[in-house]
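What follows is one structure encoded as structure tokens, with my remarks underneath.
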Amino acid sequence: MKNYGFIRVAAAIPSVRVADVSYNLEQIKAQISEAEKKGVEILVFPELCLTGYTCQDLFAQRLLIDEAEQAVVALREFTTDKRIAVIVGVPVDTGKLLLNCAAVICNGWLDTLVSKTYLPNYGEFYEKRWFASAQDINDEETIDYAGTVITLTKQPQLFKTEQGVTFGVEICEDVWAPVPPSNHLALAGADLIFNLSASDELIGKHDYLKSLLAQQSARTMSGYVYSSCGFGESTQDVVYGGNGLIYENGKLLAESERFSFDAQLVISEIDVELLRAERKRNTTFVNAQRGETADVFRLAQEPFDIDDDKKENVADDMLNYRKVDAHPFIPKTENMQRSCEEIFNIQVAGLAKRMVHTHSKTAIIGISGGLDSTLALLVCVKTFDKLGYDRKGIVGVTMPGFGTTDRTYHNAVSLMKSLGITMKEISIAKAVMQHFEDIGHDASVHDVAYENSQARERTQILMDLTNELGGLVIGTGDLSELALGWATYNGDHMSMYGVNASIPKTLIRYLVRYVADTEVDEQSRETLFDVIDTPISPELIPADEQGNIKQKTEDLVGPYELHDFFLYYALRYGFRPAKIYMLAKVAFQSGQHSTLTYDDATIKKWLTVFYRRFFSQQFKRSCLPDGPKVGSVSLSPRGDWRMPSDANSQLWIQECESL
């Protein structure tokens with residue numbers, strides 16, 4: 001697909017006058033022109049927008065129906081040579097039935113008419129007084145409408161753009177039905193669903209509507225574009241708020257201003273490649289597709305091309321109307337504390353089961369004063385409290401080495417004391433120096449052997465101490481480190497249960513802050529805040545002359561917020577490096593979410609590093625300890641990620657280098 005799988009769509013909410021077809025037509029034309037200039041490829045208008053939804057018994061007037069048909073003819077002519085598909089609402093007289101229809105128009109052609117299936121006839125709605133349902137259509141009934149021979153059908157109808165995007169249409173009440181037509185449309189292949197609506201406003205209805213559309217978009221793994229009529233409709237008995245809503249797999253991308261007196265155009269880009277990736281990996285959706293068919297119409301459309309020199313006033317950025325979150329692993333909920341609580345409790349529940357299963361009341365954990373070991377310790381404390389175990393059964397071991405700084409050492413000691421666990425201090429310096437002598441290594445050479453000897457000595461101490469005391473070694477390594485292989489094989493790479501195994505680095509600070517705010521005493525809270533502010537480091541190289549951390553992980557391996565971004569899109573959706581690069585540029589150069597910005601060269605550099613390390617370090621992930629999955633991405637070789645350790649990275653590296 002072109003444009004990395006993105007398609008620009010819009011929901012239009014025109015100003016209308018009830019039964020004034022000429023006025024409504026001009027308003028619709030104006031919005032089509034505006035949308036085309038902004039690069040919109042598919043544009044949907046509200047239900048019966050050419051006449052107004054609230055005409056009531058005027059729908060029985062021949063003049064109104066004929067004028068609406070002539071307006072469709074005018075729209076056909078107006079869209080000739082325009083690079084946009086338009087979906088408008090119109091009443092259609094078949095000679096036998098009056099139908100509430102969506103007319104799909106593109107490049108001078110009326111492709112077909114889609115009739116509304118479910119007609120509300122309760123409360124304030126009386127549609128069956130005027131209209132028949134699509135279910136009343138005789139199979140393969142043909143009519144001559146707006147200069148086009150149309151075959152009417154009650155079967156699902158799909159439309160395919162030249163770009164390769166497939167979409168379907170349903171009308172208002174259809175989505176409120178127990179089995180919406182969009183269910184069948186999505187299973188038959190529709191990537192996008194467009195809904196022409198005329199939904200009035202009632203107390204609480206708007207929130208319910210958004211919940212309904214979000215769930216339908218998520219259930220069908222589709223993009224859902226909803227346009228409902230607004231200002232200008234009759235307010236004789238009800239009011240219409242003008243709702244334009246765009247969803248992608250349950251996520252709200254854009255929405256209109258409610259109760260606006262002005263015409264609105266709600267625009268966003270939907271990632272069709274993302275939707276298709278979700279569907280392919282979801283075996284339930286795959287199985288549900290069996291037997292679903294639909295009539296398919298190929299639009300006579302020239303797709304919008306971001307590089308076309310004919311476009312007017314279209315910004316160079318492909319994603320003008322869509323935000324790209326720089327931190328996709330961070331929950332985007334109104335109640336962040338609740339999300340962190342849920343994640344933390346998953347970790348606690350996982351460890352609790354393992355402790356109970358092994359009949360163990362002792363946990364041994366290395367405490368460095370860094371973020372990862374701090375979070376793992378907090379999980380242990382909460383687990384012991386919930387199980388009713390004595391916190392003294394948690395044995396925290398601080399193991400100062402050549403790179404340990406006063407700051408991290410004091411934070412480790414302070415936290416263990418304030419949390420009331422058993423504390424042990426075992427220096428690794430003497431043992432490591434003996435080891436250097438044994439293997440003939442020059443201690444002044446700070447190479448990989450120098451660093452890894454320390455990591456493995458610490459792991460040996462923890463494992464042997466566990467044999468001495470009984471219990472489990474609790475792993476502290478996180479998802480980001482596993483992705484990059486930033487762990488010493490059979491060193492900090494190894495444990496008996498890894499509680500942080502699927503927690504990315506960008507999320508850990510939020511979790512520690514959550515615990516600091518809600519779960520601990522004041523002294524522990526102060527220490528936790530200082531841990532959060534401490535630079536990330538393995539502390540395997542001696543500190544500088546002022547005693548500060550000299551070895552900063554992100555200076556060596558790259559910014560974790562970039563690597564977490566790369567990891568999310570590479571694993572969650574399987575995007576190629578070029579698309580991830582494009583998304584990263586939008587996310588980290590727009591100032592939307594990130595605290596930092598990165599230029600193109602920096603993003604390219606670390607993206608290349610990410611792929612090189614991700615492939616070369618798979619052997620460490622192939623033998624990971626058990627640990628709980630908490631989010632949509634996991635690197636467990638027994639769960640989400642099964643990759644050969646000797647897979648070749650050449651394709652990915654070549655694309656990175658060509659960016």
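Ligands are numbered from 1 in the order shown, chains are lettered A, B, ... in the order of the structure tokens, and residues start at 1 in each chain.
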With a distance cut-off of 8 Å and only C-alpha atoms, select the neighbouring residues of Ala71 in chain A, excluding the residue or stretch itself and same-chain residues fewer than 2 positions from it, and output the selection as a list in words. Val21, Ser22, Leu25, Leu50, Glu67, Ala68, Glu69, Val73, Ala74 and Leu75 of chain A
Restricting the output to N, CA and C atoms, write the selected residues as a short mmCIF file (atom, residue, chain, number, x, y, z; two decimals), in the first residue's frame.
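Once everything was written out, this is result.cif:
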```cif
data_model
loop_
_atom_site.label_atom_id
_atom_site.label_comp_id
_atom_site.auth_asym_id
_atom_site.auth_seq_id
_atom_site.Cartn_x
_atom_site.Cartn_y
_atom_site.Cartn_z
N VAL A 21 -32.90 21.86 -0.74
CA VAL A 21 -31.90 21.00 -1.38
C VAL A 21 -30.79 21.83 -2.02
N SER A 22 -31.13 22.94 -2.66
CA SER A 22 -30.13 23.77 -3.33
C SER A 22 -29.10 24.29 -2.34
N LEU A 25 -26.93 21.40 -1.07
CA LEU A 25 -26.00 20.97 -2.10
C LEU A 25 -24.77 21.86 -2.14
N LEU A 50 -28.79 15.76 2.03
CA LEU A 50 -29.20 16.58 0.89
C LEU A 50 -30.56 17.24 1.10
N GLU A 67 -35.80 16.64 -6.53
CA GLU A 67 -34.70 17.60 -6.36
C GLU A 67 -33.49 16.94 -5.72
N ALA A 68 -33.74 16.02 -4.81
CA ALA A 68 -32.63 15.30 -4.19
C ALA A 68 -31.89 14.46 -5.23
N GLU A 69 -32.64 13.83 -6.14
CA GLU A 69 -31.99 13.04 -7.20
C GLU A 69 -31.16 13.94 -8.11
N VAL A 73 -27.05 14.03 -9.17
CA VAL A 73 -26.49 14.24 -10.51
C VAL A 73 -25.45 15.37 -10.46
N ALA A 74 -25.80 16.46 -9.77
CA ALA A 74 -24.89 17.60 -9.67
C ALA A 74 -23.60 17.21 -8.94
N LEU A 75 -23.72 16.36 -7.93
CA LEU A 75 -22.52 15.92 -7.21
C LEU A 75 -21.66 15.00 -8.07
#
```
Residue contacts of range 334-348 of chain A (7 Å, only C-alpha atoms) excluding same-chain residues fewer than 2 positions away, as a VMD selection string: chain A and resid 331 to 332 350 to 352 379 382 to 383 499 511 514 628 630
Write down as a CSV table (one decimal) with N, CA, C and O atoms, in the first residue's frame the residues belonging to range 399-432 of chain A that are assigned alpha helix (DSSP H) by DSSP computed on the backbone.
```csv
chain,number,residue,atom,x,y,z
A,406,ASP,N,28.1,6.6,45.6
A,406,ASP,CA,27.5,6.8,46.9
A,406,ASP,C,26.0,7.0,46.8
A,406,ASP,O,25.2,6.5,47.6
A,407,ARG,N,25.5,7.7,45.7
A,407,ARG,CA,24.1,7.9,45.6
A,407,ARG,C,23.3,6.7,45.5
A,407,ARG,O,22.3,6.5,46.2
A,408,THR,N,23.7,5.8,44.6
A,408,THR,CA,22.9,4.5,44.5
A,408,THR,C,23.0,3.6,45.7
A,408,THR,O,22.1,3.0,46.1
A,409,TYR,N,24.2,3.6,46.2
A,409,TYR,CA,24.5,2.8,47.4
A,409,TYR,C,23.6,3.2,48.6
A,409,TYR,O,22.9,2.4,49.2
A,410,HIS,N,23.6,4.5,48.9
A,410,HIS,CA,22.8,5.0,50.0
A,410,HIS,C,21.3,4.8,49.7
A,410,HIS,O,20.5,4.6,50.7
A,411,ASN,N,20.9,5.0,48.5
A,411,ASN,CA,19.4,4.8,48.2
A,411,ASN,C,19.0,3.3,48.4
A,411,ASN,O,18.0,3.0,48.9
A,412,ALA,N,19.9,2.4,48.0
A,412,ALA,CA,19.6,1.0,48.2
A,412,ALA,C,19.5,0.7,49.7
A,412,ALA,O,18.6,0.0,50.1
A,413,VAL,N,20.5,1.1,50.5
A,413,VAL,CA,20.5,0.8,51.9
A,413,VAL,C,19.3,1.5,52.6
A,413,VAL,O,18.6,0.9,53.4
A,414,SER,N,19.0,2.7,52.2
A,414,SER,CA,17.9,3.5,52.9
A,414,SER,C,16.6,2.8,52.6
A,414,SER,O,15.7,2.6,53.5
A,415,LEU,N,16.4,2.4,51.3
A,415,LEU,CA,15.1,1.7,51.0
A,415,LEU,C,14.9,0.4,51.7
A,415,LEU,O,13.8,0.1,52.1
A,416,MET,N,16.0,-0.4,51.7
A,416,MET,CA,15.8,-1.7,52.4
A,416,MET,C,15.5,-1.5,53.9
A,416,MET,O,14.7,-2.2,54.5
A,417,LYS,N,16.1,-0.5,54.5
A,417,LYS,CA,15.9,-0.2,55.9
A,417,LYS,C,14.4,0.3,56.1
A,417,LYS,O,13.7,-0.2,57.0
A,418,SER,N,14.0,1.2,55.3
A,418,SER,CA,12.7,1.8,55.5
A,418,SER,C,11.5,0.8,55.2
A,418,SER,O,10.5,0.9,55.8
A,419,LEU,N,11.8,-0.1,54.3
A,419,LEU,CA,10.8,-1.1,54.0
A,419,LEU,C,10.8,-2.3,54.9
A,419,LEU,O,9.9,-3.2,54.9
A,429,ALA,N,34.3,-6.7,45.1
A,429,ALA,CA,35.6,-6.3,44.6
A,429,ALA,C,36.6,-7.4,44.7
A,429,ALA,O,37.4,-7.7,43.8
A,430,LYS,N,36.8,-7.9,45.9
A,430,LYS,CA,37.8,-8.9,46.2
A,430,LYS,C,37.7,-10.2,45.3
A,430,LYS,O,38.6,-10.6,44.7
A,431,ALA,N,36.4,-10.6,45.2
A,431,ALA,CA,36.2,-11.8,44.4
A,431,ALA,C,36.4,-11.6,43.0
A,431,ALA,O,37.0,-12.5,42.3
A,432,VAL,N,36.1,-10.5,42.5
A,432,VAL,CA,36.3,-10.2,41.0
A,432,VAL,C,37.7,-10.0,40.7
A,432,VAL,O,38.2,-10.4,39.7
```
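The space separating CA of Thr466 in chain A from CA of His441 in chain A comes to 29.0 Å.
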What is the distance between CA of Lys154 in chain A and CA of Asp139 in chain A, in Å to one decimal? 7.1 Å
Got a sec to tell me which of range 364-400 of chain A DSSP assigns to strand (DSSP E), as a list of chain:residue names? A:Ile364, A:Ile365, A:Gly366, A:Ile394, A:Val395, A:Gly396, A:Val397, A:Thr398
Using only C-alpha atoms, find the one residue out of A:Gly631, A:Gln264, A:Val239, A:Leu185 that sits nearest to Ile28 in chain A.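 Of the candidates, the smallest distance to Ile28 in chain A is held by A:Gln264.
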List the neighbours of range 481-495 of chain A out to 7 Å using only C-alpha atoms; skip same-chain residues closer than 4 positions along the sequence, and give me the result as a list in words.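 Everything that qualifies: Asn452, Ala455, Arg456, Thr459, Val473, Ile474, Gly475, Gly477, Phe610, Arg613, Phe614, Gln617, Lys620, Arg621 and Pro625 of chain A.
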Expressed in Å to a single decimal, how great is the separation between CA of Gln650 in chain A and CA of Cys623 in chain A?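 Taking CA of Gln650 in chain A as the start and CA of Cys623 in chain A as the end point, the length is 24.0 Å.
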Which polymer residues have any atom within 8 Å of an atom of Glu255 in chain A, counting only C-alpha atoms, with same-chain residues fewer than 3 positions away left out, as a PyMOL selection string? chain A and resi 243-246+252+266
With only C-alpha atoms as the atoms that count, which of A:His327, A:Lys424, A:Lys205, A:Arg129 lies nearest to Phe566 in chain A? A:His327
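Checking A:Ser658, A:Ser228, A:Asn183, A:Ser373 one by one against Ala263 in chain A, counting only C-alpha atoms, you find the shortest gap at A:Ser228.
The shortest atom-to-atom distance to Leu659 in chain A, with only C-alpha atoms taken into account, belongs to A:Tyr581 out of A:Tyr226, A:Tyr581, A:Phe6, A:Phe588.
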Near Phe194 in chain A, within 9 Å and counting only C-alpha atoms, which residues show up once chain neighbours fewer than 5 positions away are dropped, as a PDB file with all heavy atoms, in the first residue's frame?
```
ATOM      1  N   ALA A  11     -15.069  13.157   8.433  1.00  0.00           N
ATOM      2  CA  ALA A  11     -16.507  13.224   8.678  1.00  0.00           C
ATOM      3  C   ALA A  11     -16.921  14.685   8.544  1.00  0.00           C
ATOM      4  O   ALA A  11     -16.393  15.549   9.249  1.00  0.00           O
ATOM      5  CB  ALA A  11     -16.838  12.700  10.072  1.00  0.00           C
ATOM      6  N   LEU A  43     -14.744  10.831   2.191  1.00  0.00           N
ATOM      7  CA  LEU A  43     -15.467  11.833   2.983  1.00  0.00           C
ATOM      8  C   LEU A  43     -16.907  11.376   3.173  1.00  0.00           C
ATOM      9  O   LEU A  43     -17.595  11.050   2.201  1.00  0.00           O
ATOM     10  CB  LEU A  43     -15.433  13.174   2.245  1.00  0.00           C
ATOM     11  CG  LEU A  43     -16.242  14.335   2.825  1.00  0.00           C
ATOM     12  CD1 LEU A  43     -15.704  14.739   4.194  1.00  0.00           C
ATOM     13  CD2 LEU A  43     -16.207  15.523   1.866  1.00  0.00           C
ATOM     14  N   VAL A  44     -17.371  11.356   4.406  1.00  0.00           N
ATOM     15  CA  VAL A  44     -18.738  10.930   4.689  1.00  0.00           C
ATOM     16  C   VAL A  44     -19.534  12.090   5.276  1.00  0.00           C
ATOM     17  O   VAL A  44     -19.035  12.863   6.099  1.00  0.00           O
ATOM     18  CB  VAL A  44     -18.756   9.716   5.644  1.00  0.00           C
ATOM     19  CG1 VAL A  44     -18.136  10.040   7.001  1.00  0.00           C
ATOM     20  CG2 VAL A  44     -20.172   9.174   5.805  1.00  0.00           C
ATOM     21  N   ILE A  87     -19.504  10.157   0.310  1.00  0.00           N
ATOM     22  CA  ILE A  87     -20.669   9.369   0.723  1.00  0.00           C
ATOM     23  C   ILE A  87     -21.708  10.337   1.295  1.00  0.00           C
ATOM     24  O   ILE A  87     -21.452  10.985   2.321  1.00  0.00           O
ATOM     25  CB  ILE A  87     -20.286   8.315   1.773  1.00  0.00           C
ATOM     26  CG1 ILE A  87     -19.081   7.484   1.310  1.00  0.00           C
ATOM     27  CG2 ILE A  87     -21.472   7.400   2.072  1.00  0.00           C
ATOM     28  CD1 ILE A  87     -18.462   6.634   2.399  1.00  0.00           C
ATOM     29  N   PHE A 167     -13.793  -0.468   2.029  1.00  0.00           N
ATOM     30  CA  PHE A 167     -14.670   0.096   3.061  1.00  0.00           C
ATOM     31  C   PHE A 167     -16.120  -0.292   2.824  1.00  0.00           C
ATOM     32  O   PHE A 167     -16.515  -0.697   1.727  1.00  0.00           O
ATOM     33  CB  PHE A 167     -14.520   1.621   3.153  1.00  0.00           C
ATOM     34  CG  PHE A 167     -15.025   2.403   1.965  1.00  0.00           C
ATOM     35  CD1 PHE A 167     -16.351   2.820   1.891  1.00  0.00           C
ATOM     36  CD2 PHE A 167     -14.171   2.768   0.933  1.00  0.00           C
ATOM     37  CE1 PHE A 167     -16.816   3.557   0.815  1.00  0.00           C
ATOM     38  CE2 PHE A 167     -14.612   3.506  -0.146  1.00  0.00           C
ATOM     39  CZ  PHE A 167     -15.949   3.907  -0.218  1.00  0.00           C
ATOM     40  N   GLY A 168     -16.900  -0.183   3.884  1.00  0.00           N
ATOM     41  CA  GLY A 168     -18.330  -0.439   3.825  1.00  0.00           C
ATOM     42  C   GLY A 168     -19.085   0.697   4.473  1.00  0.00           C
ATOM     43  O   GLY A 168     -18.499   1.570   5.125  1.00  0.00           O
ATOM     44  N   VAL A 169     -20.418   0.686   4.278  1.00  0.00           N
ATOM     45  CA  VAL A 169     -21.265   1.783   4.755  1.00  0.00           C
ATOM     46  C   VAL A 169     -22.442   1.212   5.529  1.00  0.00           C
ATOM     47  O   VAL A 169     -23.064   0.223   5.102  1.00  0.00           O
ATOM     48  CB  VAL A 169     -21.780   2.625   3.564  1.00  0.00           C
ATOM     49  CG1 VAL A 169     -22.733   3.715   4.051  1.00  0.00           C
ATOM     50  CG2 VAL A 169     -20.615   3.231   2.779  1.00  0.00           C
ATOM     51  N   GLU A 170     -22.741   1.813   6.661  1.00  0.00           N
ATOM     52  CA  GLU A 170     -24.002   1.560   7.348  1.00  0.00           C
ATOM     53  C   GLU A 170     -24.583   2.890   7.790  1.00  0.00           C
ATOM     54  O   GLU A 170     -23.890   3.916   7.793  1.00  0.00           O
ATOM     55  CB  GLU A 170     -23.822   0.604   8.528  1.00  0.00           C
ATOM     56  CG  GLU A 170     -22.936   1.087   9.653  1.00  0.00           C
ATOM     57  CD  GLU A 170     -22.740   0.005  10.723  1.00  0.00           C
ATOM     58  OE1 GLU A 170     -23.271  -1.111  10.574  1.00  0.00           O
ATOM     59  OE2 GLU A 170     -22.048   0.287  11.713  1.00  0.00           O
ATOM     60  N   ILE A 171     -25.872   2.888   8.146  1.00  0.00           N
ATOM     61  CA  ILE A 171     -26.561   4.150   8.396  1.00  0.00           C
ATOM     62  C   ILE A 171     -27.178   4.147   9.786  1.00  0.00           C
ATOM     63  O   ILE A 171     -28.011   3.299  10.108  1.00  0.00           O
ATOM     64  CB  ILE A 171     -27.632   4.414   7.321  1.00  0.00           C
ATOM     65  CG1 ILE A 171     -26.995   4.411   5.920  1.00  0.00           C
ATOM     66  CG2 ILE A 171     -28.340   5.744   7.572  1.00  0.00           C
ATOM     67  CD1 ILE A 171     -27.980   4.553   4.775  1.00  0.00           C
ATOM     68  N   GLY A 223     -11.396   0.739  11.126  1.00  0.00           N
ATOM     69  CA  GLY A 223     -11.524   2.175  11.276  1.00  0.00           C
ATOM     70  C   GLY A 223     -12.995   2.522  11.162  1.00  0.00           C
ATOM     71  O   GLY A 223     -13.688   1.978  10.281  1.00  0.00           O
ATOM     72  N   TYR A 224     -13.488   3.378  12.041  1.00  0.00           N
ATOM     73  CA  TYR A 224     -14.922   3.697  12.027  1.00  0.00           C
ATOM     74  C   TYR A 224     -15.076   5.212  11.971  1.00  0.00           C
ATOM     75  O   TYR A 224     -14.589   5.929  12.852  1.00  0.00           O
ATOM     76  CB  TYR A 224     -15.612   3.136  13.276  1.00  0.00           C
ATOM     77  CG  TYR A 224     -17.101   2.954  13.111  1.00  0.00           C
ATOM     78  CD1 TYR A 224     -17.637   1.700  12.855  1.00  0.00           C
ATOM     79  CD2 TYR A 224     -17.970   4.036  13.178  1.00  0.00           C
ATOM     80  CE1 TYR A 224     -19.012   1.517  12.678  1.00  0.00           C
ATOM     81  CE2 TYR A 224     -19.341   3.866  13.002  1.00  0.00           C
ATOM     82  CZ  TYR A 224     -19.854   2.607  12.751  1.00  0.00           C
ATOM     83  OH  TYR A 224     -21.209   2.436  12.567  1.00  0.00           O
ATOM     84  N   VAL A 225     -15.739   5.688  10.912  1.00  0.00           N
ATOM     85  CA  VAL A 225     -15.897   7.120  10.684  1.00  0.00           C
ATOM     86  C   VAL A 225     -17.387   7.453  10.734  1.00  0.00           C
ATOM     87  O   VAL A 225     -18.170   6.943   9.922  1.00  0.00           O
ATOM     88  CB  VAL A 225     -15.296   7.543   9.335  1.00  0.00           C
ATOM     89  CG1 VAL A 225     -15.317   9.059   9.195  1.00  0.00           C
ATOM     90  CG2 VAL A 225     -13.865   7.011   9.193  1.00  0.00           C
ATOM     91  N   TYR A 226     -17.752   8.318  11.660  1.00  0.00           N
ATOM     92  CA  TYR A 226     -19.161   8.572  11.981  1.00  0.00           C
ATOM     93  C   TYR A 226     -19.469  10.054  11.785  1.00  0.00           C
ATOM     94  O   TYR A 226     -18.759  10.920  12.293  1.00  0.00           O
ATOM     95  CB  TYR A 226     -19.399   8.163  13.440  1.00  0.00           C
ATOM     96  CG  TYR A 226     -20.780   8.403  13.996  1.00  0.00           C
ATOM     97  CD1 TYR A 226     -21.752   7.411  13.949  1.00  0.00           C
ATOM     98  CD2 TYR A 226     -21.101   9.610  14.617  1.00  0.00           C
ATOM     99  CE1 TYR A 226     -23.012   7.608  14.499  1.00  0.00           C
ATOM    100  CE2 TYR A 226     -22.359   9.821  15.169  1.00  0.00           C
ATOM    101  CZ  TYR A 226     -23.308   8.820  15.106  1.00  0.00           C
ATOM    102  OH  TYR A 226     -24.545   9.028  15.663  1.00  0.00           O
ATOM    103  N   SER A 227     -20.522  10.337  11.032  1.00  0.00           N
ATOM    104  CA  SER A 227     -20.940  11.721  10.812  1.00  0.00           C
ATOM    105  C   SER A 227     -22.427  11.851  11.095  1.00  0.00           C
ATOM    106  O   SER A 227     -23.249  11.162  10.474  1.00  0.00           O
ATOM    107  CB  SER A 227     -20.653  12.145   9.370  1.00  0.00           C
ATOM    108  OG  SER A 227     -21.187  13.427   9.106  1.00  0.00           O
TER     109      SER A 227
END
```
